[in-house]
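Inspection log for the structure reproduced underneath, given as structure tokens.
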Amino acid sequence: MNLSAPPWICPSILAADFARLGEEVSDVLAAGADTIHFDVMDNHYVPNLSVGPLVLSALRKAGVDACIDVHLMVKPVDRLVEDFLAAGADYITVHPESTEHLHRTLSMITDGGAKAGLVFNPATPLDALEPVIDMLDLILIMSVNPGFGGQAFIPSSLDKLRQARRLIDISGRDIRLQIDGGIKIDNIGAAAAAGADAFVAGTAIFGADNYADTISSMRDEIADA
Ligand code: DX5
Ligand code: ZN
């Protein structure tokens, strides 16, 4: 896997045409995406059901070798961490609420050879971050409540991005700061200005007629922020 330098554009497959998933993934990568954001929902931790490790394995078998960041919205989470490691995840991001033993879950991810991410819902403070920040490669700030694509961006997530950016800078670690939910061309600059350097977008990319134009407009907004 070749990791590109940030900023990263991370299209969420949740908004892709699942009947043509392999083609959709190839198309967004050809259009300039940096990672494929793979949203996993279990109808328990969140009120929706998406896809599991078999679908990730299928993408790998079809020859997708790009960075895939898996966002696990499932509870309990540890069993699926193992399955997604085996399926070829590069990053695995978990919610602190989804595990009784966060340190153990993050250790499973890094011991398994993947990069570890921790994700915070809009109402979840960053309290869980400090004890484990040295284990992390990615921090994800949710700018919608997890469970569905196509929701409106929650503006208070900008403050949380600024807070997380400060903590990352203090840590001195190379940690991506990712934002997820309601990201579009007209608000991606604000997220960049608040410190994000990785941007998940589902509807805004897969819902557009031209993926490359959309990703390049997003990059322009980030550069101007
Ligand atoms: C929400 C997911 C997001 C979502 C983003 O639970 O984690 O990744 O698919 O979709 P948009 O960009 O449409 O808000
Ligand atoms: Zn997500």
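Residues are referred to by chain and number: the chain letter is A, B, ... according to the order shown in the structure tokens, the number counts from 1 in that chain, and ligands are numbered separately from 1 in the order shown.
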Subject >> Distance query Asp174 in chain A at most 10 Å, only C-alpha atoms, self and fewer than 6 positions along chain excluded, as JSON, numbers by chain >> reply: {"A": [136, 137, 138, 168]}
**OP:** For Asp159 in chain A, please output as a ChimeraX atom specification all residues within 10 Å (counting only C-alpha atoms; exclusion window: fewer than 3 positions along the same chain).
**Re:** /A:155-156,162-165,191,194-195
**OP:** Skip range 148-152 of chain A itself and residues of its chain fewer than 6 positions away, then list as a PyMOL selection string all residues within 7 Å of it, counting only C-alpha atoms.
**Re:** chain A and resi 14-15+181-182+202-203
Restricting the output to all heavy atoms, write the selected residues as a PDB file, in the first residue's frame.
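Listed below is the output, out_32.pdb:
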ATOM      1  N   LEU A  14     -20.319   3.889   1.240  1.00  0.00           N
ATOM      2  CA  LEU A  14     -21.740   3.817   1.602  1.00  0.00           C
ATOM      3  C   LEU A  14     -22.619   4.469   0.544  1.00  0.00           C
ATOM      4  O   LEU A  14     -23.767   4.066   0.356  1.00  0.00           O
ATOM      5  CB  LEU A  14     -21.937   4.517   2.952  1.00  0.00           C
ATOM      6  CG  LEU A  14     -23.166   4.149   3.751  1.00  0.00           C
ATOM      7  CD1 LEU A  14     -23.155   2.677   4.112  1.00  0.00           C
ATOM      8  CD2 LEU A  14     -23.242   4.997   5.019  1.00  0.00           C
ATOM      9  N   ALA A  15     -22.090   5.473  -0.131  1.00  0.00           N
ATOM     10  CA  ALA A  15     -22.897   6.189  -1.130  1.00  0.00           C
ATOM     11  C   ALA A  15     -22.654   5.658  -2.550  1.00  0.00           C
ATOM     12  O   ALA A  15     -23.209   6.187  -3.509  1.00  0.00           O
ATOM     13  CB  ALA A  15     -22.587   7.681  -1.063  1.00  0.00           C
ATOM     14  N   GLY A 181     -18.845  13.023   7.714  1.00  0.00           N
ATOM     15  CA  GLY A 181     -20.282  13.279   7.807  1.00  0.00           C
ATOM     16  C   GLY A 181     -20.666  14.631   7.242  1.00  0.00           C
ATOM     17  O   GLY A 181     -20.241  15.667   7.757  1.00  0.00           O
ATOM     18  N   GLY A 182     -21.407  14.620   6.144  1.00  0.00           N
ATOM     19  CA  GLY A 182     -21.915  15.871   5.584  1.00  0.00           C
ATOM     20  C   GLY A 182     -20.853  16.759   4.963  1.00  0.00           C
ATOM     21  O   GLY A 182     -21.075  17.963   4.785  1.00  0.00           O
ATOM     22  N   GLY A 202     -19.143  10.889   1.209  1.00  0.00           N
ATOM     23  CA  GLY A 202     -19.900   9.857   0.517  1.00  0.00           C
ATOM     24  C   GLY A 202     -20.753  10.476  -0.569  1.00  0.00           C
ATOM     25  O   GLY A 202     -20.400  10.474  -1.757  1.00  0.00           O
ATOM     26  N   THR A 203     -21.879  11.051  -0.138  1.00  0.00           N
ATOM     27  CA  THR A 203     -22.846  11.633  -1.076  1.00  0.00           C
ATOM     28  C   THR A 203     -22.211  12.667  -1.999  1.00  0.00           C
ATOM     29  O   THR A 203     -22.510  12.706  -3.196  1.00  0.00           O
ATOM     30  CB  THR A 203     -23.972  12.321  -0.270  1.00  0.00           C
ATOM     31  OG1 THR A 203     -24.365  11.448   0.796  1.00  0.00           O
ATOM     32  CG2 THR A 203     -25.166  12.622  -1.140  1.00  0.00           C
TER      33      THR A 203
END
Subject >> Spatial neighbours of range 113-116 of chain A, 8 Å, only C-alpha atoms, chain gap at least 4 places, as a PyMOL selection string >> reply: chain A and resi 85+89-93+106+109+135-138
Those same residues, written as a JSON list (two decimals), in the first residue's frame with C-alpha atoms?
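File out_7.json, as written:
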[["chain", "number", "residue", "atom", "x", "y", "z"],
["A", 85, "LEU", "CA", -7.34, -7.59, 9.61],
["A", 89, "ALA", "CA", -7.77, -3.45, 6.09],
["A", 90, "ASP", "CA", -5.00, -0.84, 6.22],
["A", 91, "TYR", "CA", -6.59, 1.34, 8.88],
["A", 92, "ILE", "CA", -9.19, 0.15, 11.39],
["A", 93, "THR", "CA", -11.07, 2.83, 13.30],
["A", 106, "LEU", "CA", -6.28, -0.92, 19.70],
["A", 109, "ILE", "CA", -5.29, -3.64, 15.47],
["A", 135, "MET", "CA", -1.17, 4.01, 19.92],
["A", 136, "LEU", "CA", -3.03, 5.96, 17.25],
["A", 137, "ASP", "CA", -2.42, 6.68, 13.57],
["A", 138, "LEU", "CA", -5.78, 8.35, 12.94]]
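CA of Ile141 in chain A sits 19.0 Å away from CA of Gly172 in chain A.
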Original post:
as a ChimeraX atom specification, which residues of range 29-215 of chain A does DSSP assign to alpha helix (DSSP H)?
Top reply: /A:29-30,53-61,78-87,102-111,157-171,188-193,203-206,211-215
Could you produce a table of the residues of chain A lying within 8 Å of ligand 2, with the nearest pair of atoms per residue and their separation in Å rounded to one decimal, using only C-alpha atoms and all ligand atoms, ordered by chain and increasing residue number, as a tab-separated table?
residue	atom	partner	partner_atom_place_in_ligand_line	distance
A:Ser12	CA	ligand 2	1 (Zn)	6.6
A:His37	CA	ligand 2	1 (Zn)	6.5
A:Phe38	CA	ligand 2	1 (Zn)	6.9
A:Asp39	CA	ligand 2	1 (Zn)	4.9
A:Val40	CA	ligand 2	1 (Zn)	7.9
A:Val70	CA	ligand 2	1 (Zn)	7.9
A:His71	CA	ligand 2	1 (Zn)	5.3
A:Leu72	CA	ligand 2	1 (Zn)	7.9
A:Met142	CA	ligand 2	1 (Zn)	7.9
A:Pro146	CA	ligand 2	1 (Zn)	7.3
A:Asp180	CA	ligand 2	1 (Zn)	5.7
A:Gly181	CA	ligand 2	1 (Zn)	7.2
A:Val200	CA	ligand 2	1 (Zn)	7.0
**OP:** Would you mind telling me which residue in A:Tyr45, A:Phe153, A:Trp8, A:Phe18 lies nearest to ligand 1 when using only C-alpha atoms and all ligand atoms?
**Re:**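 Distance minimum relative to ligand 1 lands on A:Phe153.
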**OP:** Extract, using only C-alpha atoms, all DNA, RNA and protein residues at most 12 Å from Leu54 in chain A, discarding same-chain residues fewer than 3 positions from it, and format them as a ChimeraX atom specification.
**Re:** /A:40,50-51,57-61,80,83-89
Based on the selection just made, write C-alpha atoms of those residues as a CSV table (one decimal), in the first residue's frame.
chain,number,residue,atom,x,y,z
A,40,VAL,CA,-19.3,-1.1,8.6
A,50,SER,CA,-24.0,-2.2,5.7
A,51,VAL,CA,-21.3,-4.6,4.6
A,57,SER,CA,-11.9,-9.4,0.7
A,58,ALA,CA,-13.7,-9.3,-2.6
A,59,LEU,CA,-12.3,-5.8,-3.4
A,60,ARG,CA,-8.8,-7.1,-2.5
A,61,LYS,CA,-9.2,-10.2,-4.7
A,80,LEU,CA,-14.7,-8.1,13.6
A,83,ASP,CA,-11.9,-10.5,10.5
A,84,PHE,CA,-11.1,-7.1,8.9
A,85,LEU,CA,-7.3,-7.6,9.6
A,86,ALA,CA,-7.5,-10.9,7.7
A,87,ALA,CA,-9.6,-9.2,4.9
A,88,GLY,CA,-6.9,-6.7,4.2
A,89,ALA,CA,-7.8,-3.4,6.1
Original post:
Per DSSP on the backbone, what are the strand (DSSP E) residues of range 7-69 of chain A, as a PyMOL selection string?
Top reply: chain A and resi 8-11+35-41+67-69
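Closest approach to ligand 1 among A:Ala208, A:Ile13, A:Val25, A:Ala225: A:Ile13, based on only C-alpha atoms and all ligand atoms.
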Original post:
For ligand 1, which residue out of A:Ser171, A:Asn2, A:Ser216, A:Asn43 is the nearest one, using only C-alpha atoms and all ligand atoms?
Top reply: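 That would be A:Asn43, the residue with the smallest distance to ligand 1.
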Subject >> For ligand 1, the nearest of the candidates A:Pro11, A:Pro122, A:Gly22, A:Gly117, counting only C-alpha atoms and all ligand atoms >> reply: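 The closest residue to ligand 1 is A:Pro11.
Considering only C-alpha atoms and all ligand atoms, the residue among A:Arg104, A:Arg166, A:Arg176, A:His95 positioned nearest to ligand 1 is A:His95.
The closest residue to Ser143 in chain A, picked from A:Met218, A:Ala31, A:Ala196, A:Ile36 and counting only C-alpha atoms, is A:Ala196.
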**OP:** For atom 8 (O, counted along the ligand's line) of ligand 1 and CA of Asp169 in chain A, determine how far apart the two atoms are, in Å to one decimal place.
**Re:**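 About the pair atom 8 (O, counted along the ligand's line) of ligand 1 and CA of Asp169 in chain A: they are 24.9 Å apart.
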Original post:
Quick one, how far is CA of His103 in chain A from CA of Arg79 in chain A?
Top reply: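 Pair CA of His103 in chain A / CA of Arg79 in chain A returns 15.0 Å.
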List as a compact mmCIF listing (two decimals) with N, CA, C and O atoms, in the first residue's frame the protein and nucleic acid residues near Thr105 in chain A, meaning an atom at most 10 Å away when only C-alpha atoms are counted, but skip any in the same chain fewer than 4 places from it.
# COMPACT_ATOMS: atom_id res chain seq x y z
N VAL A 77 -16.86 -5.24 19.16
CA VAL A 77 -16.05 -4.93 17.99
C VAL A 77 -14.87 -5.90 17.77
O VAL A 77 -14.42 -6.08 16.66
N ASP A 78 -14.39 -6.54 18.87
CA ASP A 78 -13.10 -7.25 18.75
C ASP A 78 -13.10 -8.38 17.71
O ASP A 78 -12.14 -8.53 16.96
N ARG A 79 -14.16 -9.17 17.66
CA ARG A 79 -14.23 -10.27 16.67
C ARG A 79 -14.08 -9.74 15.24
O ARG A 79 -13.37 -10.30 14.41
N VAL A 81 -12.67 -6.95 14.35
CA VAL A 81 -11.31 -6.44 14.11
C VAL A 81 -10.46 -7.55 13.51
O VAL A 81 -9.78 -7.36 12.50
N GLU A 82 -10.55 -8.75 14.09
CA GLU A 82 -9.78 -9.89 13.55
C GLU A 82 -10.15 -10.16 12.10
O GLU A 82 -9.29 -10.36 11.25
N VAL A 94 -12.14 2.53 15.45
CA VAL A 94 -13.19 2.04 16.35
C VAL A 94 -13.71 3.15 17.24
O VAL A 94 -13.01 4.13 17.52
N PRO A 96 -14.90 4.40 20.97
CA PRO A 96 -14.60 3.99 22.35
C PRO A 96 -15.80 3.31 23.02
O PRO A 96 -15.62 2.42 23.85
N SER A 98 -17.70 1.18 21.80
CA SER A 98 -17.99 -0.14 21.24
C SER A 98 -17.15 -1.25 21.86
O SER A 98 -17.27 -2.40 21.47
N THR A 99 -16.30 -0.88 22.82
CA THR A 99 -15.45 -1.89 23.45
C THR A 99 -15.32 -1.62 24.95
O THR A 99 -15.25 -0.47 25.37
N GLU A 100 -15.27 -2.69 25.73
CA GLU A 100 -15.07 -2.54 27.18
C GLU A 100 -13.61 -2.26 27.47
O GLU A 100 -13.27 -1.75 28.53
N HIS A 101 -12.72 -2.63 26.56
CA HIS A 101 -11.28 -2.56 26.82
C HIS A 101 -10.59 -1.95 25.61
O HIS A 101 -10.05 -2.66 24.75
N ILE A 109 -5.41 -4.24 16.80
CA ILE A 109 -5.29 -3.64 15.47
C ILE A 109 -3.82 -3.48 15.11
O ILE A 109 -3.38 -3.90 14.03
N THR A 110 -3.04 -2.89 16.01
CA THR A 110 -1.64 -2.62 15.66
C THR A 110 -0.82 -3.92 15.64
O THR A 110 0.01 -4.13 14.76
N ASP A 111 -1.09 -4.83 16.58
CA ASP A 111 -0.38 -6.14 16.57
C ASP A 111 -0.71 -6.90 15.29
O ASP A 111 0.09 -7.70 14.81
N ALA A 116 -4.14 2.11 13.56
CA ALA A 116 -5.29 2.20 14.46
C ALA A 116 -5.89 3.59 14.47
O ALA A 116 -5.17 4.60 14.54
